[in-house]
Amino acid sequence: MEEGGAADPNGKGKGESKDITISIKFSGRSIPLTLSPDSTITHLKSLLQPLTNVLTRGQKLIFKGKVLVDTMTLRASEVTSGAKVMLMASQGLHQGDGPILKQAQSVPRRVDNANNKLEKQQVPVDKNRLERWKATGVVALSQCNLKAIPDEVWACGPSARVLDLSNNSVQDVPAQVGCLSSIQKLFLNANSIMDESISWEALTSLKYLTVLSLNQNHLTSLPSSLGALTSLRQLNVANNSLTSLPIEIGLLTQLEVLKVNNNRISIIPARIGDCNSLIEVDLSSNLLSELPETFGNLHVLKALHLSNNGLKSLPSTLFKMCLQLSTLDLHNTEITMDLLRQFEGWESFDERRLLKHQKQLDFRVVNPAKFDEGADKN
């Protein structure tokens, strides 16, 4: 009678094995991992993917001068407890913002005086400017070296329709933002706004707000109250540190553009399927391994950007139900052409994509007969 049994790819064989601890050397740091000696190299790579942002097929593991083979176990590869394994990453084969080269540093919060109050930028009150803001409804204060929002902005009250404070050093969005009751577009890109320094209660009371842009700040989460912005048509929160989206995003039924690229999001709520007005969605450079099947409910979706994620498949009804989809970016994902051809509705999507490119007077479009928007060729 034979003893033991075939190794499980996840390291759980029939016989019992004592776990081993090894060190993975990657970009100047050491990553300790504890796992079964019967784990395959493929399983080891899957553990390293969320720790390094390097996709499994972009990883090359080297031990004692030899490249470890995916199908072999650690035991068969003579990797024992205490072993040091080197990880080399192929350029481009990563998820999120790229390989994690060192531990992320927290963003220090600036303190301007002993009372921990933000020092307002000393900008002289320009009565002519204030009158112009009230007359036009447009408050343009981008690139003004502001540390705080000037009080004269709140003096505009319901006259303001557009407020642009992008590319400053604004840290605080106070409750006074609620007095801009007629505001339609709010641009707060490239500032220093954190979760605790934004008055979401006041912000979500702006019932006429159609565009909210908070790109390139220090946000790690969005509140459930976001669902109160039912007039919102465009939400931009790219280049933050978001790890998820609230399920209440499904209440934004008028939302047409959603850009949350370059964050740390690992899961998308199924309620995204209730946002049935979505035309463009950008989820590129996150930590996604799958998308909810409810994406098939986005019947007017035209563009879907998914590059630099760990995706291995797509929602089964995406091509069948999203009959206006013509742009699909899958660069640096695990999705192959062979997989795409198996989806129902793929042929119709490919025809729409081809027709779109034929209509574009874009000299960058070369050989449009082949799908080359990110799906890897074998």
# chains A, B, ... in the order shown; residues from 1 in each chain; ligands from 1

$ select_by_dssp --residues "range 57-288 of chain A" --states "helix (DSSP H, G or I)" --output "count of residues only"
46

$ residues_around --residues "Leu291 in chain A" --least-positions-apart "5" --cutoff "8 Å" --atoms "only C-alpha atoms" --output "PyMOL selection string"
chain A and resi 267-268+314-315

$ residues_around --residues "Glu344 in chain A" --least-positions-apart "5" --cutoff "8 Å" --atoms "only C-alpha atoms" --output "MDAnalysis selection string"
chainID A and resid 316:317 319:320

$ write_last_selection --atoms "C-alpha atoms" --output "CSV table (one decimal), in the first residue's frame"
chain,number,residue,atom,x,y,z
A,316,SER,CA,-20.4,36.3,-18.4
A,317,THR,CA,-23.1,38.6,-19.9
A,319,PHE,CA,-20.8,41.3,-24.4
A,320,LYS,CA,-24.3,39.9,-24.6

$ atom_distance --atom1 "CA of Gly345 in chain A" --atom2 "CA of Leu325 in chain A"
10.8 Å

$ residues_around --residues "Ala270 in chain A" --least-positions-apart "3" --cutoff "10 Å" --atoms "only C-alpha atoms" --output "PyMOL selection string"
chain A and resi 247+249-250+267+273-274+291-295

$ residues_around --residues "range 196-201 of chain A" --least-positions-apart "4" --cutoff "8 Å" --atoms "only C-alpha atoms" --output "NGL selection string"
:A and (171-175 or 205 or 223 or 225-226)

$ select_by_dssp --residues "range 91-302 of chain A" --states "strand (DSSP E or B)" --output "PDB file with all heavy atoms, in the first residue's frame"
ATOM      1  N   HIS A  94       2.065  43.994 -14.097  1.00  0.00           N
ATOM      2  CA  HIS A  94       1.739  44.337 -12.716  1.00  0.00           C
ATOM      3  C   HIS A  94       0.313  44.808 -12.633  1.00  0.00           C
ATOM      4  O   HIS A  94      -0.345  45.064 -13.639  1.00  0.00           O
ATOM      5  CB  HIS A  94       2.672  45.427 -12.200  1.00  0.00           C
ATOM      6  CG  HIS A  94       2.637  46.688 -13.012  1.00  0.00           C
ATOM      7  ND1 HIS A  94       1.642  47.625 -12.871  1.00  0.00           N
ATOM      8  CD2 HIS A  94       3.462  47.150 -13.985  1.00  0.00           C
ATOM      9  CE1 HIS A  94       1.842  48.617 -13.720  1.00  0.00           C
ATOM     10  NE2 HIS A  94       2.935  48.362 -14.405  1.00  0.00           N
ATOM     11  N   VAL A 138     -19.290  81.373 -11.738  1.00  0.00           N
ATOM     12  CA  VAL A 138     -18.075  80.554 -11.852  1.00  0.00           C
ATOM     13  C   VAL A 138     -17.005  81.097 -10.899  1.00  0.00           C
ATOM     14  O   VAL A 138     -16.553  82.237 -11.046  1.00  0.00           O
ATOM     15  CB  VAL A 138     -17.532  80.545 -13.298  1.00  0.00           C
ATOM     16  CG1 VAL A 138     -16.238  79.734 -13.375  1.00  0.00           C
ATOM     17  CG2 VAL A 138     -18.578  79.975 -14.246  1.00  0.00           C
ATOM     18  N   VAL A 139     -16.600  80.273  -9.936  1.00  0.00           N
ATOM     19  CA  VAL A 139     -15.545  80.640  -8.988  1.00  0.00           C
ATOM     20  C   VAL A 139     -14.287  79.866  -9.379  1.00  0.00           C
ATOM     21  O   VAL A 139     -14.183  78.661  -9.150  1.00  0.00           O
ATOM     22  CB  VAL A 139     -15.953  80.309  -7.546  1.00  0.00           C
ATOM     23  CG1 VAL A 139     -14.855  80.744  -6.583  1.00  0.00           C
ATOM     24  CG2 VAL A 139     -17.287  80.973  -7.201  1.00  0.00           C
ATOM     25  N   ALA A 140     -13.342  80.569 -10.001  1.00  0.00           N
ATOM     26  CA  ALA A 140     -12.133  79.930 -10.519  1.00  0.00           C
ATOM     27  C   ALA A 140     -10.941  80.261  -9.625  1.00  0.00           C
ATOM     28  O   ALA A 140     -10.433  81.378  -9.635  1.00  0.00           O
ATOM     29  CB  ALA A 140     -11.865  80.397 -11.956  1.00  0.00           C
ATOM     30  N   VAL A 162     -20.278  76.821 -10.421  1.00  0.00           N
ATOM     31  CA  VAL A 162     -19.045  76.062 -10.631  1.00  0.00           C
ATOM     32  C   VAL A 162     -17.990  76.564  -9.657  1.00  0.00           C
ATOM     33  O   VAL A 162     -17.775  77.771  -9.542  1.00  0.00           O
ATOM     34  CB  VAL A 162     -18.521  76.218 -12.082  1.00  0.00           C
ATOM     35  CG1 VAL A 162     -17.217  75.450 -12.253  1.00  0.00           C
ATOM     36  CG2 VAL A 162     -19.561  75.741 -13.085  1.00  0.00           C
ATOM     37  N   LEU A 163     -17.341  75.635  -8.950  1.00  0.00           N
ATOM     38  CA  LEU A 163     -16.243  75.989  -8.049  1.00  0.00           C
ATOM     39  C   LEU A 163     -15.042  75.118  -8.399  1.00  0.00           C
ATOM     40  O   LEU A 163     -15.102  73.898  -8.305  1.00  0.00           O
ATOM     41  CB  LEU A 163     -16.642  75.775  -6.589  1.00  0.00           C
ATOM     42  CG  LEU A 163     -15.525  75.942  -5.543  1.00  0.00           C
ATOM     43  CD1 LEU A 163     -14.908  77.337  -5.631  1.00  0.00           C
ATOM     44  CD2 LEU A 163     -16.064  75.682  -4.136  1.00  0.00           C
ATOM     45  N   ASP A 164     -13.952  75.768  -8.799  1.00  0.00           N
ATOM     46  CA  ASP A 164     -12.727  75.052  -9.168  1.00  0.00           C
ATOM     47  C   ASP A 164     -11.604  75.461  -8.228  1.00  0.00           C
ATOM     48  O   ASP A 164     -11.111  76.582  -8.266  1.00  0.00           O
ATOM     49  CB  ASP A 164     -12.350  75.364 -10.617  1.00  0.00           C
ATOM     50  CG  ASP A 164     -11.188  74.500 -11.104  1.00  0.00           C
ATOM     51  OD1 ASP A 164     -10.651  73.699 -10.302  1.00  0.00           O
ATOM     52  OD2 ASP A 164     -10.832  74.603 -12.289  1.00  0.00           O
ATOM     53  N   VAL A 173     -12.436  70.747   3.635  1.00  0.00           N
ATOM     54  CA  VAL A 173     -13.675  71.141   2.957  1.00  0.00           C
ATOM     55  C   VAL A 173     -14.728  71.244   4.049  1.00  0.00           C
ATOM     56  O   VAL A 173     -15.335  70.248   4.453  1.00  0.00           O
ATOM     57  CB  VAL A 173     -14.093  70.117   1.894  1.00  0.00           C
ATOM     58  CG1 VAL A 173     -15.370  70.584   1.180  1.00  0.00           C
ATOM     59  CG2 VAL A 173     -12.975  69.906   0.880  1.00  0.00           C
ATOM     60  N   LYS A 185     -21.029  71.970 -10.355  1.00  0.00           N
ATOM     61  CA  LYS A 185     -19.750  71.314 -10.612  1.00  0.00           C
ATOM     62  C   LYS A 185     -18.737  71.736  -9.554  1.00  0.00           C
ATOM     63  O   LYS A 185     -18.537  72.929  -9.320  1.00  0.00           O
ATOM     64  CB  LYS A 185     -19.231  71.676 -12.006  1.00  0.00           C
ATOM     65  CG  LYS A 185     -20.151  71.206 -13.135  1.00  0.00           C
ATOM     66  CD  LYS A 185     -19.594  71.573 -14.512  1.00  0.00           C
ATOM     67  CE  LYS A 185     -20.534  71.103 -15.617  1.00  0.00           C
ATOM     68  NZ  LYS A 185     -20.001  71.423 -16.969  1.00  0.00           N
ATOM     69  N   LEU A 186     -18.097  70.742  -8.929  1.00  0.00           N
ATOM     70  CA  LEU A 186     -17.142  71.014  -7.864  1.00  0.00           C
ATOM     71  C   LEU A 186     -15.840  70.273  -8.173  1.00  0.00           C
ATOM     72  O   LEU A 186     -15.804  69.042  -8.235  1.00  0.00           O
ATOM     73  CB  LEU A 186     -17.697  70.550  -6.523  1.00  0.00           C
ATOM     74  CG  LEU A 186     -16.822  70.736  -5.285  1.00  0.00           C
ATOM     75  CD1 LEU A 186     -16.419  72.200  -5.117  1.00  0.00           C
ATOM     76  CD2 LEU A 186     -17.549  70.238  -4.045  1.00  0.00           C
ATOM     77  N   PHE A 187     -14.770  71.047  -8.393  1.00  0.00           N
ATOM     78  CA  PHE A 187     -13.471  70.481  -8.742  1.00  0.00           C
ATOM     79  C   PHE A 187     -12.484  70.718  -7.597  1.00  0.00           C
ATOM     80  O   PHE A 187     -12.155  71.864  -7.279  1.00  0.00           O
ATOM     81  CB  PHE A 187     -12.933  71.121 -10.029  1.00  0.00           C
ATOM     82  CG  PHE A 187     -13.822  70.923 -11.227  1.00  0.00           C
ATOM     83  CD1 PHE A 187     -14.736  71.903 -11.592  1.00  0.00           C
ATOM     84  CD2 PHE A 187     -13.751  69.758 -11.978  1.00  0.00           C
ATOM     85  CE1 PHE A 187     -15.560  71.726 -12.697  1.00  0.00           C
ATOM     86  CE2 PHE A 187     -14.571  69.570 -13.077  1.00  0.00           C
ATOM     87  CZ  PHE A 187     -15.486  70.553 -13.437  1.00  0.00           C
ATOM     88  N   MET A 194      -8.066  64.798   3.159  1.00  0.00           N
ATOM     89  CA  MET A 194      -8.131  63.477   3.776  1.00  0.00           C
ATOM     90  C   MET A 194      -9.573  63.160   4.173  1.00  0.00           C
ATOM     91  O   MET A 194     -10.449  64.019   4.150  1.00  0.00           O
ATOM     92  CB  MET A 194      -7.225  63.424   5.003  1.00  0.00           C
ATOM     93  CG  MET A 194      -5.753  63.670   4.705  1.00  0.00           C
ATOM     94  SD  MET A 194      -4.752  63.521   6.202  1.00  0.00           S
ATOM     95  CE  MET A 194      -3.128  63.908   5.556  1.00  0.00           C
ATOM     96  N   ILE A 198     -13.052  66.389   5.283  1.00  0.00           N
ATOM     97  CA  ILE A 198     -14.088  66.784   4.330  1.00  0.00           C
ATOM     98  C   ILE A 198     -15.458  66.581   4.969  1.00  0.00           C
ATOM     99  O   ILE A 198     -15.747  65.520   5.532  1.00  0.00           O
ATOM    100  CB  ILE A 198     -13.950  65.983   3.004  1.00  0.00           C
ATOM    101  CG1 ILE A 198     -15.012  66.428   1.989  1.00  0.00           C
ATOM    102  CG2 ILE A 198     -14.009  64.489   3.239  1.00  0.00           C
ATOM    103  CD1 ILE A 198     -14.759  65.870   0.595  1.00  0.00           C
ATOM    104  N   VAL A 211     -21.262  67.149 -11.124  1.00  0.00           N
ATOM    105  CA  VAL A 211     -19.862  66.740 -11.294  1.00  0.00           C
ATOM    106  C   VAL A 211     -19.123  66.929  -9.986  1.00  0.00           C
ATOM    107  O   VAL A 211     -19.092  68.030  -9.432  1.00  0.00           O
ATOM    108  CB  VAL A 211     -19.157  67.548 -12.410  1.00  0.00           C
ATOM    109  CG1 VAL A 211     -17.683  67.140 -12.508  1.00  0.00           C
ATOM    110  CG2 VAL A 211     -19.852  67.342 -13.748  1.00  0.00           C
ATOM    111  N   LEU A 212     -18.543  65.846  -9.470  1.00  0.00           N
ATOM    112  CA  LEU A 212     -17.707  65.904  -8.277  1.00  0.00           C
ATOM    113  C   LEU A 212     -16.355  65.296  -8.624  1.00  0.00           C
ATOM    114  O   LEU A 212     -16.271  64.123  -8.979  1.00  0.00           O
ATOM    115  CB  LEU A 212     -18.345  65.139  -7.113  1.00  0.00           C
ATOM    116  CG  LEU A 212     -17.514  65.034  -5.821  1.00  0.00           C
ATOM    117  CD1 LEU A 212     -17.190  66.419  -5.278  1.00  0.00           C
ATOM    118  CD2 LEU A 212     -18.243  64.198  -4.782  1.00  0.00           C
ATOM    119  N   SER A 213     -15.310  66.112  -8.524  1.00  0.00           N
ATOM    120  CA  SER A 213     -13.980  65.657  -8.918  1.00  0.00           C
ATOM    121  C   SER A 213     -12.999  65.832  -7.762  1.00  0.00           C
ATOM    122  O   SER A 213     -12.696  66.943  -7.346  1.00  0.00           O
ATOM    123  CB  SER A 213     -13.501  66.446 -10.144  1.00  0.00           C
ATOM    124  OG  SER A 213     -12.453  65.785 -10.801  1.00  0.00           O
ATOM    125  N   HIS A 218      -5.909  62.424  -0.702  1.00  0.00           N
ATOM    126  CA  HIS A 218      -5.457  61.378   0.218  1.00  0.00           C
ATOM    127  C   HIS A 218      -6.640  60.606   0.800  1.00  0.00           C
ATOM    128  O   HIS A 218      -6.608  60.188   1.954  1.00  0.00           O
ATOM    129  CB  HIS A 218      -4.639  61.998   1.359  1.00  0.00           C
ATOM    130  CG  HIS A 218      -3.485  62.827   0.895  1.00  0.00           C
ATOM    131  ND1 HIS A 218      -2.578  62.384  -0.042  1.00  0.00           N
ATOM    132  CD2 HIS A 218      -3.091  64.090   1.235  1.00  0.00           C
ATOM    133  CE1 HIS A 218      -1.675  63.329  -0.268  1.00  0.00           C
ATOM    134  NE2 HIS A 218      -1.972  64.377   0.490  1.00  0.00           N
ATOM    135  N   GLN A 234     -21.146  62.671 -12.961  1.00  0.00           N
ATOM    136  CA  GLN A 234     -19.730  62.343 -13.131  1.00  0.00           C
ATOM    137  C   GLN A 234     -19.043  62.348 -11.772  1.00  0.00           C
ATOM    138  O   GLN A 234     -19.113  63.323 -11.033  1.00  0.00           O
ATOM    139  CB  GLN A 234     -19.052  63.344 -14.076  1.00  0.00           C
ATOM    140  CG  GLN A 234     -17.603  62.997 -14.391  1.00  0.00           C
ATOM    141  CD  GLN A 234     -17.045  63.837 -15.538  1.00  0.00           C
ATOM    142  OE1 GLN A 234     -17.795  64.325 -16.363  1.00  0.00           O
ATOM    143  NE2 GLN A 234     -15.743  63.985 -15.593  1.00  0.00           N
ATOM    144  N   LEU A 235     -18.376  61.230 -11.460  1.00  0.00           N
ATOM    145  CA  LEU A 235     -17.646  61.098 -10.211  1.00  0.00           C
ATOM    146  C   LEU A 235     -16.210  60.711 -10.514  1.00  0.00           C
ATOM    147  O   LEU A 235     -15.946  59.653 -11.092  1.00  0.00           O
ATOM    148  CB  LEU A 235     -18.292  60.036  -9.309  1.00  0.00           C
ATOM    149  CG  LEU A 235     -17.565  59.713  -7.998  1.00  0.00           C
ATOM    150  CD1 LEU A 235     -17.481  60.959  -7.110  1.00  0.00           C
ATOM    151  CD2 LEU A 235     -18.273  58.579  -7.258  1.00  0.00           C
ATOM    152  N   ASN A 236     -15.281  61.596 -10.143  1.00  0.00           N
ATOM    153  CA  ASN A 236     -13.859  61.362 -10.377  1.00  0.00           C
ATOM    154  C   ASN A 236     -13.131  61.292  -9.039  1.00  0.00           C
ATOM    155  O   ASN A 236     -13.029  62.298  -8.332  1.00  0.00           O
ATOM    156  CB  ASN A 236     -13.250  62.494 -11.226  1.00  0.00           C
ATOM    157  CG  ASN A 236     -13.957  62.671 -12.551  1.00  0.00           C
ATOM    158  OD1 ASN A 236     -14.353  61.701 -13.187  1.00  0.00           O
ATOM    159  ND2 ASN A 236     -14.133  63.905 -12.976  1.00  0.00           N
ATOM    160  N   VAL A 257     -20.401  58.841 -15.812  1.00  0.00           N
ATOM    161  CA  VAL A 257     -18.944  58.622 -15.864  1.00  0.00           C
ATOM    162  C   VAL A 257     -18.441  58.343 -14.458  1.00  0.00           C
ATOM    163  O   VAL A 257     -18.684  59.124 -13.536  1.00  0.00           O
ATOM    164  CB  VAL A 257     -18.211  59.852 -16.450  1.00  0.00           C
ATOM    165  CG1 VAL A 257     -16.704  59.626 -16.436  1.00  0.00           C
ATOM    166  CG2 VAL A 257     -18.694  60.126 -17.873  1.00  0.00           C
ATOM    167  N   LEU A 258     -17.732  57.222 -14.307  1.00  0.00           N
ATOM    168  CA  LEU A 258     -17.144  56.847 -13.025  1.00  0.00           C
ATOM    169  C   LEU A 258     -15.661  56.562 -13.241  1.00  0.00           C
ATOM    170  O   LEU A 258     -15.304  55.628 -13.955  1.00  0.00           O
ATOM    171  CB  LEU A 258     -17.838  55.609 -12.454  1.00  0.00           C
ATOM    172  CG  LEU A 258     -17.235  55.021 -11.167  1.00  0.00           C
ATOM    173  CD1 LEU A 258     -17.310  56.029 -10.025  1.00  0.00           C
ATOM    174  CD2 LEU A 258     -17.931  53.718 -10.792  1.00  0.00           C
ATOM    175  N   LYS A 259     -14.806  57.391 -12.629  1.00  0.00           N
ATOM    176  CA  LYS A 259     -13.363  57.215 -12.771  1.00  0.00           C
ATOM    177  C   LYS A 259     -12.738  57.026 -11.398  1.00  0.00           C
ATOM    178  O   LYS A 259     -12.634  57.966 -10.618  1.00  0.00           O
ATOM    179  CB  LYS A 259     -12.744  58.417 -13.497  1.00  0.00           C
ATOM    180  CG  LYS A 259     -13.242  58.547 -14.939  1.00  0.00           C
ATOM    181  CD  LYS A 259     -12.481  59.590 -15.734  1.00  0.00           C
ATOM    182  CE  LYS A 259     -12.947  59.617 -17.184  1.00  0.00           C
ATOM    183  NZ  LYS A 259     -12.183  60.587 -18.007  1.00  0.00           N
ATOM    184  N   GLU A 280     -19.217  55.419 -19.244  1.00  0.00           N
ATOM    185  CA  GLU A 280     -17.782  55.158 -19.162  1.00  0.00           C
ATOM    186  C   GLU A 280     -17.391  54.816 -17.731  1.00  0.00           C
ATOM    187  O   GLU A 280     -17.767  55.519 -16.795  1.00  0.00           O
ATOM    188  CB  GLU A 280     -16.979  56.371 -19.637  1.00  0.00           C
ATOM    189  CG  GLU A 280     -15.468  56.156 -19.575  1.00  0.00           C
ATOM    190  CD  GLU A 280     -14.673  57.361 -20.031  1.00  0.00           C
ATOM    191  OE1 GLU A 280     -15.298  58.390 -20.375  1.00  0.00           O
ATOM    192  OE2 GLU A 280     -13.429  57.271 -20.057  1.00  0.00           O
ATOM    193  N   VAL A 281     -16.619  53.732 -17.577  1.00  0.00           N
ATOM    194  CA  VAL A 281     -16.125  53.313 -16.269  1.00  0.00           C
ATOM    195  C   VAL A 281     -14.632  53.052 -16.381  1.00  0.00           C
ATOM    196  O   VAL A 281     -14.194  52.293 -17.253  1.00  0.00           O
ATOM    197  CB  VAL A 281     -16.837  52.033 -15.775  1.00  0.00           C
ATOM    198  CG1 VAL A 281     -16.236  51.569 -14.450  1.00  0.00           C
ATOM    199  CG2 VAL A 281     -18.335  52.275 -15.622  1.00  0.00           C
ATOM    200  N   ASP A 282     -13.857  53.689 -15.510  1.00  0.00           N
ATOM    201  CA  ASP A 282     -12.407  53.480 -15.488  1.00  0.00           C
ATOM    202  C   ASP A 282     -12.017  52.890 -14.139  1.00  0.00           C
ATOM    203  O   ASP A 282     -12.045  53.567 -13.118  1.00  0.00           O
ATOM    204  CB  ASP A 282     -11.665  54.793 -15.735  1.00  0.00           C
ATOM    205  CG  ASP A 282     -10.178  54.572 -16.015  1.00  0.00           C
ATOM    206  OD1 ASP A 282      -9.665  53.475 -15.700  1.00  0.00           O
ATOM    207  OD2 ASP A 282      -9.524  55.489 -16.556  1.00  0.00           O
TER     208      ASP A 282
END

$ residues_around --residues "Cys156 in chain A" --least-positions-apart "2" --cutoff "9 Å" --atoms "only C-alpha atoms" --output "mmCIF file with N, CA, C and O atoms, in the first residue's frame"
data_model
loop_
_atom_site.group_PDB
_atom_site.id
_atom_site.type_symbol
_atom_site.label_atom_id
_atom_site.label_comp_id
_atom_site.auth_asym_id
_atom_site.auth_seq_id
_atom_site.Cartn_x
_atom_site.Cartn_y
_atom_site.Cartn_z
ATOM 1 N N LEU A 130 -15.406 89.188 -6.442
ATOM 2 C CA LEU A 130 -16.585 88.592 -5.812
ATOM 3 C C LEU A 130 -17.838 88.890 -6.620
ATOM 4 O O LEU A 130 -18.683 88.009 -6.833
ATOM 5 N N GLU A 131 -17.958 90.145 -7.085
ATOM 6 C CA GLU A 131 -19.121 90.503 -7.906
ATOM 7 C C GLU A 131 -19.123 89.727 -9.216
ATOM 8 O O GLU A 131 -20.174 89.319 -9.712
ATOM 9 N N TRP A 133 -17.814 86.738 -9.670
ATOM 10 C CA TRP A 133 -18.209 85.369 -9.350
ATOM 11 C C TRP A 133 -19.726 85.254 -9.252
ATOM 12 O O TRP A 133 -20.327 84.312 -9.765
ATOM 13 N N LYS A 134 -20.329 86.221 -8.578
ATOM 14 C CA LYS A 134 -21.781 86.181 -8.408
ATOM 15 C C LYS A 134 -22.503 86.351 -9.738
ATOM 16 O O LYS A 134 -23.543 85.727 -9.974
ATOM 17 N N GLY A 137 -21.385 83.076 -11.889
ATOM 18 C CA GLY A 137 -21.633 81.786 -11.247
ATOM 19 C C GLY A 137 -20.428 80.871 -11.242
ATOM 20 O O GLY A 137 -20.513 79.730 -10.790
ATOM 21 N N VAL A 139 -16.600 80.273 -9.936
ATOM 22 C CA VAL A 139 -15.545 80.640 -8.988
ATOM 23 C C VAL A 139 -14.287 79.866 -9.379
ATOM 24 O O VAL A 139 -14.183 78.661 -9.150
ATOM 25 N N GLU A 152 -14.613 84.397 1.186
ATOM 26 C CA GLU A 152 -15.413 85.080 0.168
ATOM 27 C C GLU A 152 -16.088 84.096 -0.780
ATOM 28 O O GLU A 152 -17.083 84.435 -1.439
ATOM 29 N N VAL A 153 -15.568 82.853 -0.855
ATOM 30 C CA VAL A 153 -16.224 81.839 -1.677
ATOM 31 C C VAL A 153 -17.616 81.554 -1.125
ATOM 32 O O VAL A 153 -18.595 81.465 -1.866
ATOM 33 N N TRP A 154 -17.705 81.434 0.217
ATOM 34 C CA TRP A 154 -19.002 81.150 0.815
ATOM 35 C C TRP A 154 -19.948 82.328 0.647
ATOM 36 O O TRP A 154 -21.179 82.142 0.636
ATOM 37 N N PRO A 158 -25.886 80.914 -3.092
ATOM 38 C CA PRO A 158 -26.572 80.204 -4.182
ATOM 39 C C PRO A 158 -26.243 80.725 -5.581
ATOM 40 O O PRO A 158 -26.709 80.154 -6.570
ATOM 41 N N SER A 159 -25.427 81.794 -5.660
ATOM 42 C CA SER A 159 -25.060 82.315 -6.986
ATOM 43 C C SER A 159 -24.041 81.411 -7.690
ATOM 44 O O SER A 159 -23.971 81.387 -8.926
ATOM 45 N N ALA A 160 -23.259 80.663 -6.924
ATOM 46 C CA ALA A 160 -22.194 79.851 -7.500
ATOM 47 C C ALA A 160 -22.742 78.585 -8.148
ATOM 48 O O ALA A 160 -23.535 77.861 -7.557
ATOM 49 N N CYS A 179 -23.567 75.884 1.896
ATOM 50 C CA CYS A 179 -24.258 77.129 1.549
ATOM 51 C C CYS A 179 -24.248 77.389 0.047
ATOM 52 O O CYS A 179 -24.980 78.253 -0.437
ATOM 53 N N LEU A 180 -23.426 76.637 -0.680
ATOM 54 C CA LEU A 180 -23.402 76.775 -2.138
ATOM 55 C C LEU A 180 -24.504 75.890 -2.707
ATOM 56 O O LEU A 180 -24.272 74.932 -3.443
#

$ decode --residues "range 329-344 of chain A" --atoms "N, CA and C atoms" --output "compact mmCIF listing (two decimals), in the first residue's frame"
# COMPACT_ATOMS: atom_id res chain seq x y z
N ASP A 329 -10.39 48.11 -22.47
CA ASP A 329 -8.95 48.13 -22.24
C ASP A 329 -8.60 47.05 -21.21
N LEU A 330 -7.85 46.05 -21.67
CA LEU A 330 -7.48 44.93 -20.80
C LEU A 330 -5.97 44.77 -20.70
N HIS A 331 -5.21 45.81 -21.00
CA HIS A 331 -3.76 45.72 -20.92
C HIS A 331 -3.31 45.29 -19.53
N ASN A 332 -2.34 44.41 -19.51
CA ASN A 332 -1.73 43.94 -18.26
C ASN A 332 -2.75 43.31 -17.31
N THR A 333 -3.60 42.45 -17.86
CA THR A 333 -4.47 41.60 -17.05
C THR A 333 -4.15 40.15 -17.42
N GLU A 334 -4.85 39.22 -16.79
CA GLU A 334 -4.62 37.80 -17.06
C GLU A 334 -5.55 37.27 -18.15
N ILE A 335 -6.34 38.14 -18.75
CA ILE A 335 -7.35 37.72 -19.73
C ILE A 335 -6.72 37.53 -21.11
N THR A 336 -7.00 36.40 -21.73
CA THR A 336 -6.42 36.06 -23.03
C THR A 336 -7.46 36.16 -24.14
N MET A 337 -6.99 36.20 -25.37
CA MET A 337 -7.89 36.22 -26.53
C MET A 337 -8.73 34.97 -26.59
N ASP A 338 -8.15 33.83 -26.29
CA ASP A 338 -8.90 32.57 -26.33
C ASP A 338 -10.10 32.63 -25.37
N LEU A 339 -9.90 33.23 -24.21
CA LEU A 339 -10.99 33.36 -23.25
C LEU A 339 -12.07 34.29 -23.78
N LEU A 340 -11.68 35.41 -24.36
CA LEU A 340 -12.65 36.37 -24.87
C LEU A 340 -13.54 35.78 -25.95
N ARG A 341 -12.96 34.96 -26.81
CA ARG A 341 -13.72 34.37 -27.92
C ARG A 341 -14.81 33.42 -27.42
N GLN A 342 -14.71 32.97 -26.18
CA GLN A 342 -15.70 32.04 -25.63
C GLN A 342 -16.95 32.75 -25.12
N PHE A 343 -16.87 34.06 -24.96
CA PHE A 343 -18.01 34.80 -24.42
C PHE A 343 -19.09 35.00 -25.47
N GLU A 344 -20.34 34.79 -25.04
CA GLU A 344 -21.46 35.05 -25.94
C GLU A 344 -21.53 36.55 -26.22
